[in-house]
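Shown next: target-v6.txt, containing compact mmCIF, C-alpha atoms and all ligand atoms.
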# COMPACT_ATOMS: atom_id res chain seq x y z
CA MET A 1 102.60 92.19 88.10
CA CYS A 2 100.55 89.33 86.72
CA TRP A 3 102.12 86.01 87.64
CA ARG A 4 100.10 84.16 85.02
CA GLN A 5 102.14 85.87 82.33
CA SER A 6 105.46 86.08 84.07
CA ILE A 7 106.05 82.58 85.46
CA ARG A 8 107.31 80.30 82.72
CA PRO A 9 105.99 76.76 82.49
CA ASN A 10 108.75 74.16 82.78
CA CYS A 11 109.09 73.46 79.08
CA TRP A 12 111.34 76.27 77.90
CA ARG A 13 114.79 76.94 79.33
CA PRO A 14 116.60 79.55 77.20
CA TRP A 15 119.01 80.27 80.09
CA ALA A 16 119.81 76.64 80.85
CA ASN A 17 123.51 77.50 81.05
CA GLU A 18 122.84 80.01 83.81
CA LEU A 19 122.32 77.96 86.93
CA ASP A 20 119.79 80.17 88.71
CA SER A 21 117.59 80.61 85.66
CA ALA A 22 117.57 76.87 85.05
CA LEU A 23 116.20 76.03 88.45
CA THR A 24 112.53 75.43 89.08
CA ILE A 25 110.73 77.15 91.93
CA GLY A 26 111.05 74.00 94.02
CA GLU A 27 114.77 73.68 93.31
CA LEU A 28 115.46 77.35 94.10
CA LEU A 29 113.52 77.15 97.35
CA HIS A 30 115.30 74.01 98.45
CA ARG A 31 118.78 75.31 97.59
CA ASP A 32 118.26 78.69 99.25
CA ALA A 33 116.56 77.38 102.38
CA VAL A 34 119.74 75.38 102.96
CA ARG A 35 121.87 78.51 102.36
CA LEU A 36 119.79 80.62 104.72
CA ARG A 37 119.89 77.94 107.37
CA ALA A 38 123.66 77.71 107.24
CA ALA A 39 124.30 81.46 107.05
CA LEU A 40 121.87 82.57 109.77
CA GLN A 41 121.60 79.44 111.95
CA LEU A 42 117.86 79.26 111.31
CA ASP A 43 115.76 76.19 111.94
CA VAL A 44 114.52 74.15 108.97
CA ARG A 45 111.00 75.56 109.08
CA THR A 46 112.05 79.23 109.32
CA SER A 47 114.64 79.00 106.55
CA ALA A 48 112.11 77.34 104.20
CA MET A 49 109.50 79.97 105.04
CA GLU A 50 111.92 82.85 104.50
CA ALA A 51 113.04 81.56 101.10
CA ARG A 52 109.39 81.17 100.13
CA LEU A 53 108.46 84.67 101.29
CA LEU A 54 111.34 86.25 99.36
CA LEU A 55 110.57 84.36 96.14
CA ALA A 56 106.85 85.03 96.47
CA ALA A 57 107.51 88.77 96.89
CA ALA A 58 109.83 88.77 93.85
CA CYS A 59 107.24 86.94 91.74
CA GLY A 60 104.29 88.98 93.01
CA VAL A 61 102.37 85.91 94.18
CA GLU A 62 101.14 84.56 97.52
CA PRO A 63 103.67 82.17 99.17
CA VAL A 64 101.18 79.31 99.02
CA TRP A 65 101.01 79.64 95.22
CA LEU A 66 104.66 78.61 94.98
CA LEU A 67 103.93 75.28 96.68
CA ALA A 68 101.48 74.35 93.95
CA HIS A 69 103.82 75.50 91.14
CA ASP A 70 107.15 74.14 92.32
CA ARG A 71 108.01 72.80 88.86
CA ASP A 72 107.58 76.16 87.11
CA LEU A 73 110.50 78.40 86.18
CA PRO A 74 110.42 82.00 87.38
CA HIS A 75 111.04 84.78 84.86
CA SER A 76 114.61 86.17 84.67
CA GLY A 77 113.47 89.53 86.09
CA GLN A 78 111.87 87.80 89.04
CA ILE A 79 114.99 85.73 89.65
CA ALA A 80 117.12 88.90 89.62
CA ILE A 81 114.88 90.55 92.24
CA TYR A 82 114.78 87.36 94.29
CA LEU A 83 118.56 86.89 94.27
CA ALA A 84 119.13 90.52 95.28
CA THR A 85 116.78 90.19 98.27
CA LEU A 86 118.23 86.79 99.13
CA GLU A 87 121.73 88.29 99.30
CA ARG A 88 120.46 90.99 101.66
CA ARG A 89 118.94 88.34 103.90
CA LEU A 90 122.08 86.18 103.76
CA SER A 91 124.03 89.19 105.04
CA GLY A 92 121.70 89.32 108.05
CA GLU A 93 119.31 92.13 107.11
CA PRO A 94 115.92 91.54 108.80
CA MET A 95 113.12 90.07 106.69
CA ALA A 96 110.81 92.90 107.78
CA TYR A 97 113.08 95.56 106.27
CA ILE A 98 113.59 93.57 103.06
CA LEU A 99 109.87 92.92 102.59
CA GLY A 100 108.94 96.34 104.01
CA GLU A 101 106.20 94.99 106.23
CA ARG A 102 105.47 93.10 109.44
CA GLU A 103 102.24 91.89 110.97
CA PHE A 104 101.40 93.08 114.47
CA PHE A 105 98.21 92.28 116.40
CA GLY A 106 96.53 91.25 113.15
CA LEU A 107 97.47 94.47 111.34
CA MET A 108 99.92 94.50 108.44
CA LEU A 109 102.27 97.43 109.08
CA ARG A 110 104.79 99.06 106.76
CA VAL A 111 108.23 99.12 108.37
CA THR A 112 111.47 100.80 107.30
CA PRO A 113 114.93 100.94 108.90
CA GLU A 114 113.79 104.17 110.62
CA VAL A 115 111.54 102.19 112.98
CA LEU A 116 111.86 99.28 115.36
CA ILE A 117 110.43 96.08 113.90
CA PRO A 118 107.28 95.39 115.96
CA ARG A 119 107.77 92.27 118.11
CA PRO A 120 105.23 89.58 119.04
CA ASP A 121 106.34 90.20 122.68
CA THR A 122 104.77 93.66 122.52
CA GLU A 123 101.34 92.13 121.85
CA LEU A 124 101.29 91.33 125.59
CA LEU A 125 101.49 95.08 126.29
CA VAL A 126 98.53 95.68 123.95
CA GLU A 127 96.43 92.88 125.48
CA LEU A 128 97.03 94.13 129.02
CA ALA A 129 96.26 97.71 127.96
CA LEU A 130 92.98 96.72 126.26
CA ALA A 131 91.89 94.86 129.39
CA ARG A 132 92.31 98.07 131.40
CA LEU A 133 90.58 100.52 129.10
CA PRO A 134 87.20 101.67 130.44
CA GLN A 135 84.60 99.54 128.63
CA ARG A 136 82.17 102.40 128.10
CA GLY A 137 82.56 105.98 127.05
CA GLY A 138 85.35 107.52 125.03
CA CYS A 139 88.82 107.37 126.51
CA ARG A 140 92.14 109.06 125.89
CA VAL A 141 95.24 106.95 125.36
CA ILE A 142 98.85 107.97 124.81
CA ASP A 143 101.53 105.70 123.30
CA LEU A 144 104.96 107.09 124.12
CA GLY A 145 107.63 106.08 121.58
CA THR A 146 105.18 104.95 118.93
CA GLY A 147 107.72 104.06 116.21
CA SER A 148 105.80 102.36 113.36
CA GLY A 149 102.62 103.10 115.30
CA ALA A 150 102.25 99.42 116.20
CA VAL A 151 100.85 99.81 119.73
CA ALA A 152 98.82 102.97 119.04
CA LEU A 153 97.26 101.47 115.90
CA ALA A 154 96.49 98.12 117.54
CA LEU A 155 94.71 99.90 120.41
CA ALA A 156 92.90 102.33 118.11
CA HIS A 157 91.82 99.53 115.78
CA THR A 158 90.40 97.39 118.59
CA ARG A 159 88.78 100.37 120.32
CA PRO A 160 87.49 102.76 117.64
CA ASP A 161 85.89 104.82 120.45
CA ALA A 162 89.31 105.66 121.95
CA ASP A 163 91.30 108.79 121.07
CA VAL A 164 94.89 107.61 120.72
CA LEU A 165 97.89 109.94 120.66
CA GLY A 166 101.14 108.42 119.36
CA VAL A 167 104.31 110.30 120.33
CA ASP A 168 107.85 109.92 119.05
CA ARG A 169 110.99 112.05 118.93
CA SER A 170 111.85 110.74 115.46
CA GLU A 171 110.14 112.57 112.56
CA ALA A 172 111.12 109.70 110.26
CA ALA A 173 109.38 107.19 112.53
CA LEU A 174 106.29 109.40 112.72
CA ALA A 175 106.13 109.50 108.90
CA VAL A 176 106.00 105.68 108.88
CA ALA A 177 103.33 105.67 111.62
CA ALA A 178 101.27 108.25 109.68
CA ASP A 179 101.51 106.13 106.54
CA ASN A 180 100.35 103.07 108.48
CA ALA A 181 97.42 104.98 109.98
CA ARG A 182 96.42 106.19 106.51
CA ARG A 183 96.69 102.73 104.91
CA LEU A 184 94.59 101.21 107.68
CA GLY A 185 92.02 103.98 107.40
CA MET A 186 92.36 104.88 111.07
CA ASN A 187 90.98 108.26 112.03
CA ASN A 188 91.16 108.00 115.83
CA VAL A 189 94.98 108.25 115.98
CA THR A 190 96.90 111.54 116.20
CA LEU A 191 100.69 111.70 115.95
CA LEU A 192 102.97 114.17 117.66
CA CYS A 193 106.70 114.84 117.62
CA SER A 194 107.86 115.23 121.20
CA ASP A 195 110.74 114.39 123.51
CA TRP A 196 108.62 112.15 125.77
CA TRP A 197 106.13 114.43 127.61
CA GLN A 198 107.76 117.74 126.66
CA SER A 199 105.39 118.83 123.84
CA VAL A 200 102.33 116.82 124.84
CA PRO A 201 99.46 119.31 125.30
CA ALA A 202 97.95 119.64 128.77
CA GLY A 203 95.29 117.09 129.63
CA ARG A 204 94.92 113.70 131.25
CA PHE A 205 94.75 110.16 129.87
CA GLU A 206 92.87 107.08 130.98
CA LEU A 207 95.80 105.01 129.72
CA VAL A 208 99.51 105.67 129.24
CA VAL A 209 101.39 102.96 127.41
CA SER A 210 105.00 102.74 126.29
CA ASN A 211 107.56 100.37 124.87
CA PRO A 212 110.56 102.68 125.30
CA PRO A 213 114.23 101.98 124.55
CA TYR A 214 115.45 99.81 127.46
CA ILE A 215 118.61 98.01 126.36
CA ALA A 216 121.76 98.97 128.26
CA ALA A 217 124.44 100.68 126.15
CA GLY A 218 127.10 98.11 125.41
CA ASP A 219 124.75 95.13 125.78
CA ARG A 220 126.04 92.31 123.59
CA HIS A 221 122.57 91.81 122.03
CA LEU A 222 123.02 95.10 120.16
CA GLY A 223 125.56 93.31 117.97
CA GLN A 224 123.38 90.31 117.19
CA GLY A 225 120.62 89.37 114.73
CA ASP A 226 117.98 91.84 113.54
CA VAL A 227 118.88 94.34 116.28
CA ARG A 228 122.11 95.30 114.41
CA PHE A 229 119.98 96.91 111.70
CA GLU A 230 117.48 98.74 113.91
CA PRO A 231 117.76 102.42 114.95
CA LEU A 232 119.85 102.80 118.12
CA GLN A 233 117.56 105.54 119.45
CA ALA A 234 114.76 102.96 119.51
CA LEU A 235 116.84 100.48 121.50
CA VAL A 236 119.29 102.00 123.94
CA GLY A 237 118.14 103.51 127.23
CA GLY A 238 121.43 104.73 128.71
CA ARG A 239 124.04 102.92 130.78
CA ASP A 240 121.60 100.56 132.57
CA GLY A 241 118.78 100.76 130.01
CA LEU A 242 116.48 102.59 132.44
CA ASP A 243 117.11 106.25 131.48
CA ASP A 244 113.94 106.63 129.41
CA LEU A 245 111.79 104.74 131.90
CA ARG A 246 113.03 107.15 134.62
CA ARG A 247 111.88 110.09 132.49
CA ILE A 248 108.53 108.61 131.49
CA VAL A 249 107.18 107.37 134.85
CA PRO A 250 107.00 110.50 137.08
CA ASP A 251 105.22 112.65 134.47
CA ALA A 252 102.95 109.76 133.50
CA CYS A 253 101.57 109.66 137.03
CA MET A 254 100.66 113.36 136.86
CA ARG A 255 99.00 112.85 133.48
CA LEU A 256 96.73 109.92 134.42
CA THR A 257 93.07 110.39 135.30
CA PRO A 258 92.15 108.98 138.74
CA GLY A 259 91.99 105.21 138.28
CA GLY A 260 93.96 105.44 135.01
CA TRP A 261 96.70 102.96 134.17
CA LEU A 262 100.36 103.17 133.18
CA LEU A 263 101.73 100.13 131.32
CA LEU A 264 105.38 99.76 130.39
CA GLU A 265 107.29 97.13 128.46
CA HIS A 266 110.83 96.51 129.70
CA GLY A 267 113.66 94.00 129.69
CA TRP A 268 113.34 90.58 131.35
CA ASP A 269 115.56 91.67 134.27
CA GLN A 270 114.12 95.18 134.81
CA ALA A 271 110.73 94.42 136.39
CA ALA A 272 111.83 95.12 139.99
CA ALA A 273 113.42 98.43 138.98
CA VAL A 274 110.30 99.53 137.09
CA ARG A 275 108.05 98.55 140.02
CA SER A 276 110.23 100.75 142.27
CA LEU A 277 109.95 103.68 139.84
CA MET A 278 106.16 103.34 139.81
CA ALA A 279 105.94 103.04 143.60
CA ALA A 280 108.15 106.12 144.06
CA ALA A 281 105.83 108.04 141.72
CA GLY A 282 102.80 107.11 143.85
CA LEU A 283 101.11 104.49 141.67
CA LYS A 284 99.06 101.68 143.26
CA GLN A 285 98.13 98.11 142.23
CA ILE A 286 101.63 97.70 140.80
CA GLU A 287 102.19 94.37 139.13
CA SER A 288 104.55 92.79 136.62
CA CYS A 289 103.22 90.35 134.01
CA ALA A 290 105.13 87.51 132.42
CA ASP A 291 105.22 86.63 128.74
CA LEU A 292 104.74 83.10 127.41
CA GLY A 293 108.39 82.38 128.17
CA GLY A 294 107.78 83.18 131.86
CA ASN A 295 109.76 86.46 131.83
CA GLU A 296 108.28 89.56 133.46
CA ARG A 297 108.19 91.93 130.49
CA VAL A 298 105.36 94.38 131.29
CA THR A 299 104.81 96.32 134.51
CA LEU A 300 101.67 98.28 135.23
CA GLY A 301 100.34 100.56 137.94
CA GLN A 302 97.18 102.55 138.64
CA ALA A 303 96.74 106.18 139.62
CA GLY A 304 94.89 106.70 142.91
C1 LIG B 401 111.45 100.32 121.41
S1 LIG B 401 110.87 101.48 120.20
C2 LIG B 401 109.12 101.11 120.25
C3 LIG B 401 108.41 101.31 118.94
C4 LIG B 401 106.97 100.81 118.94
N1 LIG B 401 106.19 101.40 120.01
C5 LIG B 401 106.91 99.30 119.07
O1 LIG B 401 106.57 98.80 120.14
O2 LIG B 401 107.21 98.61 118.08
C6 LIG B 401 111.04 102.97 121.09
C7 LIG B 401 110.60 104.24 120.36
O3 LIG B 401 110.83 105.35 121.24
C8 LIG B 401 111.27 106.46 120.48
N2 LIG B 401 112.01 107.38 121.37
C9 LIG B 401 113.27 107.25 121.84
N3 LIG B 401 113.60 108.29 122.62
C10 LIG B 401 112.51 109.10 122.64
C11 LIG B 401 112.22 110.33 123.28
N4 LIG B 401 113.13 110.97 124.05
N5 LIG B 401 110.99 110.88 123.10
C12 LIG B 401 110.06 110.27 122.33
N6 LIG B 401 110.28 109.09 121.69
C13 LIG B 401 111.49 108.51 121.85
C14 LIG B 401 112.13 105.84 119.39
O4 LIG B 401 112.27 106.71 118.29
C15 LIG B 401 111.35 104.55 119.08
O5 LIG B 401 110.46 104.76 118.02
As structure tokens, how would this structure be written, given the file I've shared?
Ligand SMILES: C[S@@+](CC[C@H](N)C(=O)[O-])C[C@H]1O[C@@H](n2cnc3c(N)ncnc32)[C@H](O)[C@@H]1O
Amino acid sequence: MCWRQSIRPNCWRPWANELDSALTIGELLHRDAVRLRAALQLDVRTSAMEARLLLAAACGVEPVWLLAHDRDLPHSGQIAIYLATLERRLSGEPMAYILGEREFFGLMLRVTPEVLIPRPDTELLVELALARLPQRGGCRVIDLGTGSGAVALALAHTRPDADVLGVDRSEAALAVAADNARRLGMNNVTLLCSDWWQSVPAGRFELVVSNPPYIAAGDRHLGQGDVRFEPLQALVGGRDGLDDLRRIVPDACMRLTPGGWLLLEHGWDQAAAVRSLMAAAGLKQIESCADLGGNERVTLGQAG
């Protein structure tokens, strides 16, 4: 869509009796930032940004363009698209699903309701993993529970010499990951449908990384915010949240090369339990790392 033709200058208001069509870009953004703030308890900055992102997407322009054209009137078709997406957001649907994309580790990824929305928290997992990849020579990496491909693609993009295998049980999630790999032109990522290690071909990895489901069934957070819209199989790890971690760790130790690393993301209160799982499986140099909020969210261990 070409915005130069579709945004009306503020001199012609054929729909002046229809409130939404009579509002300028600036007026729409102000009104709807207030609505979003009230409906979703957002802060001022976030609500203004969300309104701007939705209107920019509907108009086919960059968000910053709207700031410089706040006295223009959007086209009726653009307003219709904008209001439809605004209603979805007002009902709580995550921005990432409405816009169909989310940035992760500098990569713009397509996301759908079939995949977990990649979180900034998970960038810690990627940073720690990159720091432990052998600096020279090719290396094999496996990302268990790859979802949108966020972790696998971030690692593969930063280390084009690595062979990265992304595994998920969900075919729908793997289709999204494959689409992301294709869009980003990544040819060092392979995707595989498997129930954790079950169908992973024999062979060892220098690095095993996973952000598995780790929320306890019945946790109140499952009924709050974006999480309500995300796939349960990406979130819930049994009664105490540790079921999947219990399945991943023992096999991971047998699949690491000597000196290879296992890195796992987990809940803020699960670090001690994950350290115990790694110790029981025979890993060494076990350590939990805190995020910027001071919570231990990643635990790692090395094969002897
Ligand atoms: C928390 S999400 C992580 C997605 C992505 N790695 C990220 O960090 O954004 C967990 C992923 O594990 C997958 N998963 C759940 N159970 C699985 C299983 N038994 N085998 C393989 N993958 C599984 C889910 O489909 C989901 O994509």
Set out as CSV a contact list for chain A and ligand LIG 401 (chain B) with a cut-off of 8 Å, giving each residue of chain A that qualifies its closest atom pair and distance in Å to one decimal, counting only C-alpha atoms and all ligand atoms, ordered by chain and rising residue number.
residue,atom,partner,partner_atom,distance
A:Val115,CA,B:LIG401,O5,5.8
A:Leu116,CA,B:LIG401,C3,5.4
A:Ile117,CA,B:LIG401,O2,5.9
A:Pro118,CA,B:LIG401,O2,3.9
A:Arg119,CA,B:LIG401,O2,6.4
A:Thr122,CA,B:LIG401,O1,5.9
A:Asp143,CA,B:LIG401,N1,7.1
A:Leu144,CA,B:LIG401,N6,6.2
A:Gly145,CA,B:LIG401,O3,3.3
A:Thr146,CA,B:LIG401,N1,3.8
A:Gly147,CA,B:LIG401,O5,3.4
A:Ser148,CA,B:LIG401,C4,5.9
A:Gly149,CA,B:LIG401,C4,6.1
A:Ala150,CA,B:LIG401,O2,5.4
A:Val151,CA,B:LIG401,N1,5.6
A:Ala152,CA,B:LIG401,N1,7.6
A:Val167,CA,B:LIG401,C12,6.1
A:Asp168,CA,B:LIG401,N6,3.7
A:Arg169,CA,B:LIG401,C12,3.9
A:Ser170,CA,B:LIG401,O4,4.9
A:Ala173,CA,B:LIG401,O5,6.1
A:Cys193,CA,B:LIG401,C12,7.4
A:Ser194,CA,B:LIG401,C12,5.5
A:Asp195,CA,B:LIG401,N5,3.5
A:Trp196,CA,B:LIG401,N5,3.8
A:Trp197,CA,B:LIG401,N5,7.5
A:Ser210,CA,B:LIG401,N1,6.5
A:Asn211,CA,B:LIG401,C2,4.9
A:Pro212,CA,B:LIG401,C6,4.2
A:Pro213,CA,B:LIG401,C1,4.5
A:Tyr214,CA,B:LIG401,C1,7.3
A:Pro231,CA,B:LIG401,O4,7.7
A:Gln233,CA,B:LIG401,C9,5.2
A:Ala234,CA,B:LIG401,C15,3.8
A:Leu235,CA,B:LIG401,C1,5.4
A:Asp244,CA,B:LIG401,N4,6.9
CA of Arg183 (chain A) and CA of Pro134 (chain A) are how many Å apart? 27.3 Å
Residue neighbourhood region 54-68 of chain A, 12 Å, all atoms listed in the file, exclusion window fewer than 6 positions, as a JSON list (two decimals) with C-alpha atoms, in the frame of the given file:
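The result, stored in part.json:
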[["chain", "number", "residue", "atom", "x", "y", "z"],
["A", 1, "MET", "CA", 102.60, 92.19, 88.10],
["A", 2, "CYS", "CA", 100.55, 89.33, 86.72],
["A", 3, "TRP", "CA", 102.12, 86.01, 87.64],
["A", 4, "ARG", "CA", 100.10, 84.16, 85.02],
["A", 5, "GLN", "CA", 102.14, 85.87, 82.33],
["A", 6, "SER", "CA", 105.46, 86.08, 84.07],
["A", 7, "ILE", "CA", 106.05, 82.58, 85.46],
["A", 8, "ARG", "CA", 107.31, 80.30, 82.72],
["A", 24, "THR", "CA", 112.53, 75.43, 89.08],
["A", 25, "ILE", "CA", 110.73, 77.15, 91.93],
["A", 26, "GLY", "CA", 111.05, 74.00, 94.02],
["A", 27, "GLU", "CA", 114.77, 73.68, 93.31],
["A", 28, "LEU", "CA", 115.46, 77.35, 94.10],
["A", 29, "LEU", "CA", 113.52, 77.15, 97.35],
["A", 30, "HIS", "CA", 115.30, 74.01, 98.45],
["A", 32, "ASP", "CA", 118.26, 78.69, 99.25],
["A", 33, "ALA", "CA", 116.56, 77.38, 102.38],
["A", 36, "LEU", "CA", 119.79, 80.62, 104.72],
["A", 47, "SER", "CA", 114.64, 79.00, 106.55],
["A", 48, "ALA", "CA", 112.11, 77.34, 104.20],
["A", 74, "PRO", "CA", 110.42, 82.00, 87.38],
["A", 75, "HIS", "CA", 111.04, 84.78, 84.86],
["A", 76, "SER", "CA", 114.61, 86.17, 84.67],
["A", 77, "GLY", "CA", 113.47, 89.53, 86.09],
["A", 78, "GLN", "CA", 111.87, 87.80, 89.04],
["A", 79, "ILE", "CA", 114.99, 85.73, 89.65],
["A", 80, "ALA", "CA", 117.12, 88.90, 89.62],
["A", 81, "ILE", "CA", 114.88, 90.55, 92.24],
["A", 82, "TYR", "CA", 114.78, 87.36, 94.29],
["A", 83, "LEU", "CA", 118.56, 86.89, 94.27],
["A", 84, "ALA", "CA", 119.13, 90.52, 95.28],
["A", 85, "THR", "CA", 116.78, 90.19, 98.27],
["A", 86, "LEU", "CA", 118.23, 86.79, 99.13],
["A", 87, "GLU", "CA", 121.73, 88.29, 99.30],
["A", 88, "ARG", "CA", 120.46, 90.99, 101.66],
["A", 89, "ARG", "CA", 118.94, 88.34, 103.90],
["A", 90, "LEU", "CA", 122.08, 86.18, 103.76],
["A", 94, "PRO", "CA", 115.92, 91.54, 108.80],
["A", 95, "MET", "CA", 113.12, 90.07, 106.69],
["A", 96, "ALA", "CA", 110.81, 92.90, 107.78],
["A", 97, "TYR", "CA", 113.08, 95.56, 106.27],
["A", 98, "ILE", "CA", 113.59, 93.57, 103.06],
["A", 99, "LEU", "CA", 109.87, 92.92, 102.59],
["A", 100, "GLY", "CA", 108.94, 96.34, 104.01],
["A", 101, "GLU", "CA", 106.20, 94.99, 106.23]]
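Distances to Asp20 (chain A) were evaluated for A:Leu283, A:Ala162, A:Ala172, A:Leu73 using all atoms listed in the file, and the minimum falls at A:Leu73.
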Between CA of Lys284 (chain A) and CA of Arg159 (chain A), distance in Å (one decimal):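 Spanning CA of Lys284 (chain A) to CA of Arg159 (chain A) is a straight-line distance of 25.2 Å.
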Looking at all atoms listed in the file, which of A:Arg255, A:Arg239, A:Arg35, A:Arg182 is the one that sits closest to Asp219 (chain A)?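 Closest residue, counting all atoms listed in the file: A:Arg239.
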Just the residues within 9 Å of region 241-243 of chain A, please, counting all atoms listed in the file, with nothing from its chain fewer than 5 positions along; format it as a ChimeraX atom specification. /A:213-217,235-236,248,266-267,270,273-274
Residue with smallest distance to Ser276 (chain A) - pool A:Gly260, A:Gly294, A:Gly301, A:Gly203, counting only C-alpha atoms: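 Nearest to Ser276 (chain A): A:Gly301.
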Work out how far apart CA of Val208 (chain A) and CA of Ala131 (chain A) are and give it in Å to one decimal.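 Between CA of Val208 (chain A) and CA of Ala131 (chain A) the gap works out to 13.2 Å.
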Using only C-alpha atoms, determine which residues lie at most 9 Å from Asp121 (chain A), disregarding the query and same-chain residues fewer than 2 positions distant; provide the list as an MDAnalysis selection string. chainID A and resid 118:119 123:125 291:292 297
